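Asks: Structure file structure-v8.pdb (PDB, C-alpha atoms) is given on the next line.
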ATOM      1  CA  MET A   1      -7.051  -2.508   6.811
ATOM      2  CA  THR A   2      -5.908  -1.814   3.246
ATOM      3  CA  VAL A   3      -3.171   0.765   2.799
ATOM      4  CA  SER A   4      -2.610   2.135  -0.691
ATOM      5  CA  LEU A   5       0.569   3.535  -2.197
ATOM      6  CA  ALA A   6      -1.318   6.816  -2.618
ATOM      7  CA  LEU A   7      -1.100   7.168   1.167
ATOM      8  CA  ILE A   8       2.185   5.389   1.958
ATOM      9  CA  TRP A   9       4.512   7.647  -0.051
ATOM     10  CA  PRO A  10       2.997  10.948   1.091
ATOM     11  CA  ALA A  11       3.136   9.643   4.683
ATOM     12  CA  ILE A  12       6.823   8.675   4.411
ATOM     13  CA  THR A  13       7.769  11.864   2.565
ATOM     14  CA  SER A  14       5.914  14.250   4.871
ATOM     15  CA  ALA A  15       7.260  12.508   8.009
ATOM     16  CA  PHE A  16      10.793  12.576   6.555
ATOM     17  CA  LEU A  17      10.746  16.224   5.473
ATOM     18  CA  ALA A  18       9.000  17.510   8.602
ATOM     19  CA  SER A  19      11.380  15.561  10.836
ATOM     20  CA  LEU A  20      14.313  16.938   8.858
ATOM     21  CA  VAL A  21      13.222  20.492   9.737
ATOM     22  CA  GLU A  22      12.663  19.653  13.413
ATOM     23  CA  ALA A  23      15.930  17.742  13.721
ATOM     24  CA  VAL A  24      17.894  20.616  12.167
ATOM     25  CA  GLU A  25      16.388  23.033  14.696
ATOM     26  CA  ALA A  26      17.205  20.719  17.619
ATOM     27  CA  LEU A  27      20.737  20.171  16.308
ATOM     28  CA  THR A  28      21.358  23.932  16.177
ATOM     29  CA  ILE A  29      20.640  24.289  19.908
ATOM     30  CA  VAL A  30      22.542  21.143  20.902
ATOM     31  CA  LEU A  31      25.549  22.411  18.909
ATOM     32  CA  ALA A  32      25.281  25.831  20.570
ATOM     33  CA  VAL A  33      25.322  24.163  23.994
ATOM     34  CA  ALA A  34      28.285  22.002  22.974
ATOM     35  CA  THR A  35      30.178  25.029  21.663
ATOM     36  CA  VAL A  36      29.763  27.016  24.876
ATOM     37  CA  ARG A  37      29.929  24.267  27.517
ATOM     38  CA  GLY A  38      31.264  21.181  25.759
ATOM     39  CA  TRP A  39      29.697  17.940  24.625
ATOM     40  CA  ARG A  40      29.013  16.535  28.104
ATOM     41  CA  PRO A  41      26.044  18.757  29.083
ATOM     42  CA  ALA A  42      24.890  18.921  25.460
ATOM     43  CA  GLY A  43      24.975  15.140  25.081
ATOM     44  CA  LEU A  44      23.465  14.424  28.498
ATOM     45  CA  GLY A  45      20.627  16.906  27.918
ATOM     46  CA  ALA A  46      19.919  15.507  24.445
ATOM     47  CA  ALA A  47      20.018  11.920  25.741
ATOM     48  CA  ALA A  48      17.648  12.768  28.599
ATOM     49  CA  GLY A  49      15.272  14.402  26.107
ATOM     50  CA  LEU A  50      15.374  11.294  23.918
ATOM     51  CA  VAL A  51      14.732   8.994  26.905
ATOM     52  CA  LEU A  52      11.693  11.056  27.950
ATOM     53  CA  LEU A  53      10.408  11.016  24.369
ATOM     54  CA  VAL A  54      10.706   7.230  24.209
ATOM     55  CA  LEU A  55       8.879   6.953  27.545
ATOM     56  CA  ILE A  56       6.073   9.188  26.281
ATOM     57  CA  VAL A  57       5.706   7.080  23.126
ATOM     58  CA  VAL A  58       5.821   3.785  25.056
ATOM     59  CA  VAL A  59       3.261   4.941  27.653
ATOM     60  CA  LEU A  60       0.861   6.854  25.410
ATOM     61  CA  GLY A  61       1.310   4.881  22.158
ATOM     62  CA  PRO A  62      -0.926   1.919  23.110
ATOM     63  CA  LEU A  63      -3.739   4.360  23.978
ATOM     64  CA  LEU A  64      -4.142   5.000  20.236
ATOM     65  CA  ASP A  65      -5.578   1.492  19.849
ATOM     66  CA  ILE A  66      -8.319   2.255  22.369
ATOM     67  CA  VAL A  67      -9.615   5.352  20.565
ATOM     68  CA  PRO A  68     -12.354   4.581  17.984
ATOM     69  CA  LEU A  69     -10.985   4.999  14.451
ATOM     70  CA  ARG A  70     -13.441   7.722  13.347
ATOM     71  CA  LEU A  71     -12.741   9.794  16.457
ATOM     72  CA  LEU A  72      -8.986   9.293  15.984
ATOM     73  CA  GLN A  73      -9.178  10.372  12.339
ATOM     74  CA  LEU A  74     -11.239  13.449  13.208
ATOM     75  CA  THR A  75      -8.986  14.463  16.112
ATOM     76  CA  ILE A  76      -5.691  14.052  14.285
ATOM     77  CA  GLY A  77      -7.250  15.603  11.186
ATOM     78  CA  ILE A  78      -8.101  18.762  13.125
ATOM     79  CA  LEU A  79      -4.664  18.854  14.781
ATOM     80  CA  LEU A  80      -3.003  18.300  11.398
ATOM     81  CA  LEU A  81      -4.982  21.141   9.859
ATOM     82  CA  LEU A  82      -3.949  23.473  12.690
ATOM     83  CA  PHE A  83      -0.314  22.316  12.558
ATOM     84  CA  GLY A  84       0.053  22.036   8.772
ATOM     85  CA  MET A  85      -1.701  25.275   7.899
ATOM     86  CA  ARG A  86       0.334  27.082  10.579
ATOM     87  CA  TRP A  87       3.521  25.889   8.855
ATOM     88  CA  LEU A  88       2.155  26.678   5.423
ATOM     89  CA  ARG A  89       1.069  30.173   6.471
ATOM     90  CA  LYS A  90       4.512  30.943   7.837
ATOM     91  CA  ALA A  91       6.271  29.487   4.782
ATOM     92  CA  ILE A  92       4.051  31.522   2.437
ATOM     93  CA  LEU A  93       4.658  34.748   4.374
ATOM     94  CA  ARG A  94       8.414  34.073   4.372
ATOM     95  CA  SER A  95       8.456  33.251   0.653
ATOM     96  CA  ALA A  96       6.548  36.438  -0.055
ATOM     97  CA  GLY A  97       8.985  38.493   2.016
ATOM     98  CA  VAL A  98       6.326  39.552   4.525
ATOM     99  CA  ILE A  99       8.300  38.038   7.419
ATOM    100  CA  PRO A 100      12.039  37.240   7.447
ATOM    101  CA  LEU A 101      13.374  33.769   6.634
ATOM    102  CA  HIS A 102      14.456  31.556   9.528
ATOM    103  CA  ASN A 103      18.231  31.524   9.728
ATOM    104  CA  GLU A 104      19.985  28.620  11.471
ATOM    105  CA  VAL A 105      23.253  30.582  11.729
ATOM    106  CA  ALA A 106      21.429  33.454  13.454
ATOM    107  CA  ALA A 107      19.576  30.991  15.725
ATOM    108  CA  PHE A 108      22.917  29.397  16.627
ATOM    109  CA  ALA A 109      24.452  32.817  17.359
ATOM    110  CA  THR A 110      21.488  33.838  19.533
ATOM    111  CA  GLU A 111      21.540  30.604  21.527
ATOM    112  CA  THR A 112      25.320  30.812  21.987
ATOM    113  CA  ALA A 113      25.091  34.457  23.114
ATOM    114  CA  ASP A 114      22.325  33.561  25.596
ATOM    115  CA  LEU A 115      24.399  30.766  27.103
ATOM    116  CA  ARG A 116      27.474  33.011  27.342
ATOM    117  CA  ARG A 117      25.410  35.722  29.042
ATOM    118  CA  GLN A 118      24.120  33.154  31.523
ATOM    119  CA  SER A 119      27.689  31.987  32.143
ATOM    120  CA  ARG A 120      28.713  35.468  33.208
ATOM    121  CA  GLN A 121      25.772  35.651  35.608
ATOM    122  CA  ASN A 122      26.051  32.240  37.196
ATOM    123  CA  GLU A 123      29.052  30.095  36.332
ATOM    124  CA  THR A 124      28.359  27.246  38.763
ATOM    125  CA  ARG A 125      24.900  26.458  37.458
ATOM    126  CA  LEU A 126      25.772  26.793  33.807
ATOM    127  CA  ASP A 127      26.343  23.129  32.970
ATOM    128  CA  TRP A 128      22.922  22.392  34.403
ATOM    129  CA  LEU A 129      21.316  25.263  32.425
ATOM    130  CA  ALA A 130      23.145  24.271  29.250
ATOM    131  CA  GLY A 131      22.045  20.660  29.623
ATOM    132  CA  LEU A 132      18.497  21.866  30.216
ATOM    133  CA  ALA A 133      18.579  23.897  26.981
ATOM    134  CA  SER A 134      19.731  20.826  25.079
ATOM    135  CA  PHE A 135      17.103  18.663  26.816
ATOM    136  CA  LYS A 136      14.300  21.125  26.043
ATOM    137  CA  ALA A 137      15.297  21.442  22.387
ATOM    138  CA  VAL A 138      15.371  17.682  21.827
ATOM    139  CA  LEU A 139      12.157  17.131  23.791
ATOM    140  CA  LEU A 140      10.105  19.858  22.093
ATOM    141  CA  GLU A 141      11.346  19.255  18.553
ATOM    142  CA  GLY A 142      11.050  15.505  19.213
ATOM    143  CA  LEU A 143       7.443  15.921  20.350
ATOM    144  CA  GLU A 144       6.722  17.609  17.039
ATOM    145  CA  VAL A 145       8.283  14.650  15.214
ATOM    146  CA  VAL A 146       6.211  12.196  17.295
ATOM    147  CA  PHE A 147       3.055  14.202  16.614
ATOM    148  CA  ILE A 148       3.734  14.268  12.870
ATOM    149  CA  VAL A 149       4.372  10.511  12.784
ATOM    150  CA  ILE A 150       1.165   9.793  14.715
ATOM    151  CA  ALA A 151      -0.813  12.333  12.729
ATOM    152  CA  VAL A 152       0.092  11.059   9.276
ATOM    153  CA  GLY A 153       0.311   7.416  10.337
ATOM    154  CA  ALA A 154      -2.270   6.535  12.941
ATOM    155  CA  GLY A 155      -5.386   7.194  10.875
ATOM    156  CA  ARG A 156      -4.811   4.329   8.422
ATOM    157  CA  GLY A 157      -2.199   1.957   9.841
ATOM    158  CA  LEU A 158       0.768   3.924   8.469
ATOM    159  CA  LEU A 159       2.722   4.288  11.694
ATOM    160  CA  VAL A 160       5.602   2.067  10.543
ATOM    161  CA  PRO A 161       6.329   3.839   7.221
ATOM    162  CA  ALA A 162       5.867   7.264   8.849
ATOM    163  CA  SER A 163       8.210   6.276  11.696
ATOM    164  CA  ALA A 164      10.756   5.013   9.174
ATOM    165  CA  GLY A 165      10.672   8.356   7.359
ATOM    166  CA  ALA A 166      11.099  10.298  10.603
ATOM    167  CA  PHE A 167      13.855   8.011  11.883
ATOM    168  CA  ALA A 168      15.780   8.315   8.605
ATOM    169  CA  ALA A 169      15.594  12.116   8.791
ATOM    170  CA  CYS A 170      16.763  12.260  12.426
ATOM    171  CA  LEU A 171      19.597   9.852  11.675
ATOM    172  CA  LEU A 172      20.640  11.885   8.629
ATOM    173  CA  VAL A 173      20.693  15.176  10.558
ATOM    174  CA  ALA A 174      22.429  13.698  13.615
ATOM    175  CA  GLY A 175      25.049  12.015  11.411
ATOM    176  CA  THR A 176      25.667  15.141   9.358
ATOM    177  CA  GLY A 177      25.812  17.317  12.469
ATOM    178  CA  PHE A 178      28.264  14.929  14.090
ATOM    179  CA  VAL A 179      30.541  15.143  11.047
ATOM    180  CA  VAL A 180      30.380  18.866  10.253
ATOM    181  CA  HIS A 181      29.938  20.236  13.828
ATOM    182  CA  ARG A 182      28.119  23.253  12.415
ATOM    183  CA  PRO A 183      24.465  24.322  12.170
ATOM    184  CA  LEU A 184      22.989  22.955   8.945
ATOM    185  CA  ALA A 185      22.287  26.389   7.503
ATOM    186  CA  ARG A 186      22.190  25.132   3.918
ATOM    187  CA  VAL A 187      19.097  23.051   4.488
ATOM    188  CA  PRO A 188      16.383  24.964   2.578
ATOM    189  CA  GLU A 189      14.169  25.152   5.625
ATOM    190  CA  ASN A 190      11.447  27.346   4.176
ATOM    191  CA  THR A 191      11.083  25.236   1.051
ATOM    192  CA  LEU A 192      10.813  22.136   3.255
ATOM    193  CA  LYS A 193       8.243  23.825   5.491
ATOM    194  CA  PHE A 194       6.324  24.895   2.411
ATOM    195  CA  ALA A 195       6.230  21.333   1.061
ATOM    196  CA  VAL A 196       5.437  19.778   4.432
ATOM    197  CA  GLY A 197       2.753  22.383   5.116
ATOM    198  CA  VAL A 198       1.091  21.467   1.811
ATOM    199  CA  MET A 199       1.245  17.733   2.601
ATOM    200  CA  LEU A 200       0.099  17.976   6.223
ATOM    201  CA  SER A 201      -2.761  20.325   5.326
ATOM    202  CA  ALA A 202      -3.896  17.848   2.661
ATOM    203  CA  PHE A 203      -3.668  14.983   5.160
ATOM    204  CA  GLY A 204      -5.631  17.110   7.637
ATOM    205  CA  VAL A 205      -8.527  17.738   5.235
ATOM    206  CA  PHE A 206      -8.488  14.052   4.237
ATOM    207  CA  TRP A 207      -8.583  12.720   7.817
ATOM    208  CA  VAL A 208     -11.236  15.196   8.942
ATOM    209  CA  GLY A 209     -13.316  14.082   5.933
ATOM    210  CA  GLU A 210     -12.816  10.425   6.836
ATOM    211  CA  GLY A 211     -13.750  11.235  10.435
ATOM    212  CA  ILE A 212     -17.096  12.763   9.416
ATOM    213  CA  ASP A 213     -17.891  10.108   6.768
ATOM    214  CA  VAL A 214     -17.073  12.034   3.604
ATOM    215  CA  ALA A 215     -16.902   9.636   0.635
ATOM    216  CA  TRP A 216     -13.852  11.082  -1.127
ATOM    217  CA  PRO A 217     -13.943  10.687  -4.922
ATOM    218  CA  GLY A 218     -11.052   8.383  -5.863
ATOM    219  CA  GLU A 219     -10.817   7.242  -2.223
ATOM    220  CA  ASP A 220      -7.156   7.399  -1.085
ATOM    221  CA  LEU A 221      -6.067   9.085  -4.326
ATOM    222  CA  ALA A 222      -8.046  12.135  -3.196
ATOM    223  CA  ILE A 223      -5.091  13.022  -0.992
ATOM    224  CA  VAL A 224      -2.956  13.676  -4.076
ATOM    225  CA  GLY A 225      -5.646  15.985  -5.423
ATOM    226  CA  LEU A 226      -5.797  17.785  -2.077
ATOM    227  CA  MET A 227      -2.010  18.279  -2.152
ATOM    228  CA  VAL A 228      -2.223  19.769  -5.647
ATOM    229  CA  LEU A 229      -5.009  22.088  -4.476
ATOM    230  CA  PHE A 230      -3.083  23.305  -1.415
ATOM    231  CA  LEU A 231       0.085  23.741  -3.507
ATOM    232  CA  ALA A 232      -1.789  25.839  -6.087
ATOM    233  CA  VAL A 233      -3.430  27.975  -3.405
ATOM    234  CA  ALA A 234      -0.126  28.417  -1.548
ATOM    235  CA  LEU A 235       1.774  29.439  -4.692
ATOM    236  CA  GLY A 236      -1.045  31.810  -5.579
ATOM    237  CA  ALA A 237      -0.951  33.258  -2.084
ATOM    238  CA  VAL A 238       2.815  33.871  -2.384
ATOM    239  CA  ALA A 239       2.264  35.719  -5.657
ATOM    240  CA  LEU A 240      -0.559  37.826  -4.220
ATOM    241  CA  ALA A 241       1.217  38.629  -0.959
ATOM    242  CA  ARG A 242       4.685  39.137  -2.425
ATOM    243  CA  ARG A 243       6.558  42.215  -1.327
ATOM    244  CA  PRO A 244       8.785  43.985  -3.884
ATOM    245  CA  HIS A 245      12.360  42.640  -4.352
ATOM    246  CA  VAL A 246      11.546  39.102  -3.191
ATOM    247  CA  LYS A 247      12.028  36.789  -6.136
ATOM    248  CA  VAL A 248      12.678  33.262  -4.920
ATOM    249  CA  LEU A 249      11.026  30.750  -2.616
ATOM    250  CA  GLN A 250      14.117  30.286  -0.421
TER     251      GLN A 250
ATOM    252  CA  MET B   1       4.353  25.938  31.991
ATOM    253  CA  THR B   2       6.798  26.786  29.185
ATOM    254  CA  VAL B   3       6.381  23.299  27.765
ATOM    255  CA  ILE B   4       2.574  23.664  27.741
ATOM    256  CA  GLN B   5       2.870  27.048  26.027
ATOM    257  CA  GLU B   6       5.247  25.527  23.473
ATOM    258  CA  LEU B   7       2.840  22.642  22.879
ATOM    259  CA  ILE B   8      -0.071  25.014  22.272
ATOM    260  CA  GLY B   9       2.229  27.032  20.029
ATOM    261  CA  LEU B  10       2.684  23.959  17.831
ATOM    262  CA  PHE B  11      -0.908  24.274  16.697
ATOM    263  CA  VAL B  12      -1.829  27.905  17.232
ATOM    264  CA  ASP B  13       0.355  30.689  15.904
ATOM    265  CA  ASP B  14      -2.226  33.035  14.463
ATOM    266  CA  GLY B  15      -5.415  32.822  16.558
ATOM    267  CA  ALA B  16      -7.660  34.069  13.756
ATOM    268  CA  LEU B  17      -6.494  31.304  11.408
ATOM    269  CA  ALA B  18      -6.969  28.624  14.083
ATOM    270  CA  ILE B  19     -10.524  29.835  14.817
ATOM    271  CA  ALA B  20     -11.339  29.985  11.102
ATOM    272  CA  ILE B  21     -10.064  26.404  10.582
ATOM    273  CA  LEU B  22     -12.130  25.142  13.527
ATOM    274  CA  GLY B  23     -15.141  27.014  12.112
ATOM    275  CA  VAL B  24     -14.773  25.297   8.728
ATOM    276  CA  VAL B  25     -14.432  21.874  10.394
ATOM    277  CA  ALA B  26     -17.469  22.530  12.625
ATOM    278  CA  LEU B  27     -19.556  23.611   9.630
ATOM    279  CA  ALA B  28     -18.516  20.518   7.648
ATOM    280  CA  ALA B  29     -19.336  18.250  10.600
ATOM    281  CA  LEU B  30     -22.704  19.963  11.014
ATOM    282  CA  VAL B  31     -23.556  19.499   7.337
ATOM    283  CA  ALA B  32     -22.372  15.854   7.428
ATOM    284  CA  ALA B  33     -24.628  15.187  10.413
ATOM    285  CA  ALA B  34     -27.620  17.139   9.070
ATOM    286  CA  VAL B  35     -27.492  15.822   5.490
ATOM    287  CA  PRO B  36     -26.056  12.291   5.689
ATOM    288  CA  GLY B  37     -27.325  11.512   2.192
ATOM    289  CA  MET B  38     -24.926  14.060   0.667
ATOM    290  CA  PRO B  39     -21.476  13.153   2.007
ATOM    291  CA  LEU B  40     -19.744  15.222  -0.681
ATOM    292  CA  ALA B  41     -21.317  18.427   0.617
ATOM    293  CA  ALA B  42     -19.247  18.248   3.813
ATOM    294  CA  GLY B  43     -16.184  17.367   1.720
ATOM    295  CA  ALA B  44     -16.760  20.402  -0.497
ATOM    296  CA  ILE B  45     -16.922  22.657   2.572
ATOM    297  CA  LEU B  46     -13.556  21.292   3.747
ATOM    298  CA  VAL B  47     -11.935  21.466   0.308
ATOM    299  CA  LEU B  48     -13.051  25.020  -0.368
ATOM    300  CA  GLY B  49     -13.072  26.305   3.203
ATOM    301  CA  CYS B  50      -9.608  25.353   4.426
ATOM    302  CA  PRO B  51      -7.600  26.766   1.497
ATOM    303  CA  GLY B  52     -10.013  29.705   1.453
ATOM    304  CA  VAL B  53      -9.422  30.754   5.059
ATOM    305  CA  LEU B  54      -5.677  30.342   4.520
ATOM    306  CA  LEU B  55      -5.726  32.615   1.484
ATOM    307  CA  ILE B  56      -7.781  35.275   3.264
ATOM    308  CA  ASN B  57      -5.479  35.123   6.306
ATOM    309  CA  ILE B  58      -2.370  35.519   4.129
ATOM    310  CA  LEU B  59      -3.803  38.477   2.260
ATOM    311  CA  ARG B  60      -4.759  40.162   5.533
ATOM    312  CA  ALA B  61      -1.304  39.527   6.993
ATOM    313  CA  SER B  62       0.441  40.878   3.918
ATOM    314  CA  ARG B  63      -1.578  44.108   4.029
ATOM    315  CA  SER B  64      -1.225  44.764   7.753
TER     316      SER B  64
END
If you convert what's in this file into structure tokens, what do you get?

Replies:
Amino acid sequence: MTVSLALIWPAITSAFLASLVEAVEALTIVLAVATVRGWRPAGLGAAAGLVLLVLIVVVLGPLLDIVPLRLLQLTIGILLLLFGMRWLRKAILRSAGVIPLHNEVAAFATETADLRRQSRQNETRLDWLAGLASFKAVLLEGLEVVFIVIAVGAGRGLLVPASAGAFAACLLVAGTGFVVHRPLARVPENTLKFAVGVMLSAFGVFWVGEGIDVAWPGEDLAIVGLMVLFLAVALGAVALARRPHVKVLQ
Amino acid sequence: MTVIQELIGLFVDDGALAIAILGVVALAALVAAAVPGMPLAAGAILVLGCPGVLLINILRASRS
């Protein structure tokens, strides 16, 4: 199966950027757990989440080879459209000031307050609950990373570059979080979501087309054209939906 | 149960947008199956339909 650069770089970039967003969100909760209850429950919960993720990938990964390629492309194309356009919609509405921006500092404060409230109610079970919060965050955000890697990679033999992009992002966030011990509030999450939403939506249209035998003009290069189209529509949508006093994307 | 809800939430946030996307895909698949000699027709439906339903959804959301 031939893989062109027109697909490899978008696959790596979208997996990297999307994983960056997910990893930042997971890190915020793990840090909140560590702040309230220490690193032991936070680390154990995160490690358990990672182990379960690896198990899921090891058990379900080989099933991808059994699914006929057209059906796989159509299925992941539809899921990518749902996932990517959901991200893009939210990023557009946030950029336009229709809904508030996601704030990692606020998310950290909320999670910390929740854990402290739980500690007042039930001190003995708190380590368990804190570990569970860490586990759930890593598992759910990790599942999103796994989905993105499969979605952008499985349709055309791009699993390795997409995995490399995702792994690099997770490593970067984990390393930075380990050093700074603070939520990574400076990561321009909405801009990243905007870019990833554009890329994943373009991948979604492309894979659905491949799945139903559309002969794309320019073959793989069509994906670049689709990205430009989604970017133009998204920027136009921000301008049309913009509320007064909102001037910048992030 | 929470995990299942979270998993569904990965793909469906606004139900109207999700239904509209599935409608565009179904229409494109129908056209591809009915007119196999014109593969670009299904592509055109996807290319115009998906950004189109997104734009309409955004405009509705911004006015509500």

Asks: Quick one: pull the distance between atom CA of A:Val105 and atom CA of A:Glu144, Å, one decimal.

Replies: 21.7 Å

Asks: Using the chain letters and numbers from this file, what does the PyMOL selection byres ((chain A) within 7 of (chain B)) select? Give the answer as a PyMOL selection string.

Replies: chain A and resi 79+82-83+86+89+98+205+209+212-215+230+233+237+241

Asks: Pull C-alpha atoms from the residues just selected and write them as a JSON list (two decimals), keeping the file's coordinate frame.

Replies:
[["chain", "number", "residue", "atom", "x", "y", "z"],
["A", 79, "LEU", "CA", -4.66, 18.85, 14.78],
["A", 82, "LEU", "CA", -3.95, 23.47, 12.69],
["A", 83, "PHE", "CA", -0.31, 22.32, 12.56],
["A", 86, "ARG", "CA", 0.33, 27.08, 10.58],
["A", 89, "ARG", "CA", 1.07, 30.17, 6.47],
["A", 98, "VAL", "CA", 6.33, 39.55, 4.53],
["A", 205, "VAL", "CA", -8.53, 17.74, 5.24],
["A", 209, "GLY", "CA", -13.32, 14.08, 5.93],
["A", 212, "ILE", "CA", -17.10, 12.76, 9.42],
["A", 213, "ASP", "CA", -17.89, 10.11, 6.77],
["A", 214, "VAL", "CA", -17.07, 12.03, 3.60],
["A", 215, "ALA", "CA", -16.90, 9.64, 0.64],
["A", 230, "PHE", "CA", -3.08, 23.30, -1.42],
["A", 233, "VAL", "CA", -3.43, 27.98, -3.40],
["A", 237, "ALA", "CA", -0.95, 33.26, -2.08],
["A", 241, "ALA", "CA", 1.22, 38.63, -0.96]]

Asks: To test your reading of the syntax: which residues would the PyMOL selection byres ((chain A and resi 145) around 12) return for the file shown? Reply as a ChimeraX atom specification.

Replies: /A:14-26,50,53-54,57,83,138-144,146-153,162-170 /B:10

Asks: Using the chain letters and residue numbers of this document, give as an MDAnalysis selection string the residues selected by the PyMOL selection byres ((chain A and resi 200) around 8).

Replies: chainID A and resid 14 80:81 83:85 152 196:199 201:204

Asks: Within 10 Å of (20.2, 23.9, 26.5) (file coordinates; all atoms listed in the file), which protein or nucleic acid residues are there? I'd like them as a CSV table (one decimal) with C-alpha atoms, in the coordinates of the input.

Replies:
chain,number,residue,atom,x,y,z
A,26,ALA,CA,17.2,20.7,17.6
A,29,ILE,CA,20.6,24.3,19.9
A,30,VAL,CA,22.5,21.1,20.9
A,31,LEU,CA,25.5,22.4,18.9
A,32,ALA,CA,25.3,25.8,20.6
A,33,VAL,CA,25.3,24.2,24.0
A,34,ALA,CA,28.3,22.0,23.0
A,37,ARG,CA,29.9,24.3,27.5
A,41,PRO,CA,26.0,18.8,29.1
A,42,ALA,CA,24.9,18.9,25.5
A,45,GLY,CA,20.6,16.9,27.9
A,46,ALA,CA,19.9,15.5,24.4
A,111,GLU,CA,21.5,30.6,21.5
A,112,THR,CA,25.3,30.8,22.0
A,114,ASP,CA,22.3,33.6,25.6
A,115,LEU,CA,24.4,30.8,27.1
A,126,LEU,CA,25.8,26.8,33.8
A,127,ASP,CA,26.3,23.1,33.0
A,128,TRP,CA,22.9,22.4,34.4
A,129,LEU,CA,21.3,25.3,32.4
A,130,ALA,CA,23.1,24.3,29.2
A,131,GLY,CA,22.0,20.7,29.6
A,132,LEU,CA,18.5,21.9,30.2
A,133,ALA,CA,18.6,23.9,27.0
A,134,SER,CA,19.7,20.8,25.1
A,135,PHE,CA,17.1,18.7,26.8
A,136,LYS,CA,14.3,21.1,26.0
A,137,ALA,CA,15.3,21.4,22.4
A,138,VAL,CA,15.4,17.7,21.8

Asks: Please indicate the distance in Å from atom CA of A:Thr191 to atom CA of A:Ala109, rounded to one decimal place.

Replies: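 Taking atom CA of A:Thr191 and atom CA of A:Ala109, their separation equals 22.4 Å.
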
Asks: Using Å and a single decimal, report how far atom CA of A:Thr176 sits from atom CA of A:Trp39.

Replies: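 According to the coordinates, atom CA of A:Trp39 and atom CA of A:Thr176 are separated by 16.0 Å.
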
Asks: Pick out the closest residue to A:Lys90 from this set: A:Val228, A:Leu69, A:Val238, A:Ala113. Count all atoms listed in the file.

Replies: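 Among the listed residues, A:Val238 lies closest to A:Lys90.
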
Asks: Dump as a compact mmCIF listing (two decimals) with C-alpha atoms, in the frame of the given file all residues having an atom at most 9 Å from (8.7, 28.7, 0.5), computed in the file's coordinates with only C-alpha atoms.

Replies:
# COMPACT_ATOMS: atom_id res chain seq x y z
CA LEU A 88 2.15 26.68 5.42
CA LYS A 90 4.51 30.94 7.84
CA ALA A 91 6.27 29.49 4.78
CA ILE A 92 4.05 31.52 2.44
CA LEU A 93 4.66 34.75 4.37
CA ARG A 94 8.41 34.07 4.37
CA SER A 95 8.46 33.25 0.65
CA ALA A 96 6.55 36.44 -0.06
CA PRO A 188 16.38 24.96 2.58
CA GLU A 189 14.17 25.15 5.62
CA ASN A 190 11.45 27.35 4.18
CA THR A 191 11.08 25.24 1.05
CA LEU A 192 10.81 22.14 3.26
CA LYS A 193 8.24 23.82 5.49
CA PHE A 194 6.32 24.90 2.41
CA ALA A 195 6.23 21.33 1.06
CA LEU A 235 1.77 29.44 -4.69
CA VAL A 238 2.82 33.87 -2.38
CA VAL A 248 12.68 33.26 -4.92
CA LEU A 249 11.03 30.75 -2.62
CA GLN A 250 14.12 30.29 -0.42

Asks: Which residue, A:Val67, A:Ala107, A:Leu74, A:Val180, has the smallest gap to A:Phe206 when you use all atoms listed in the file?

Replies: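 Closest to A:Phe206, using all atoms listed in the file: A:Leu74.
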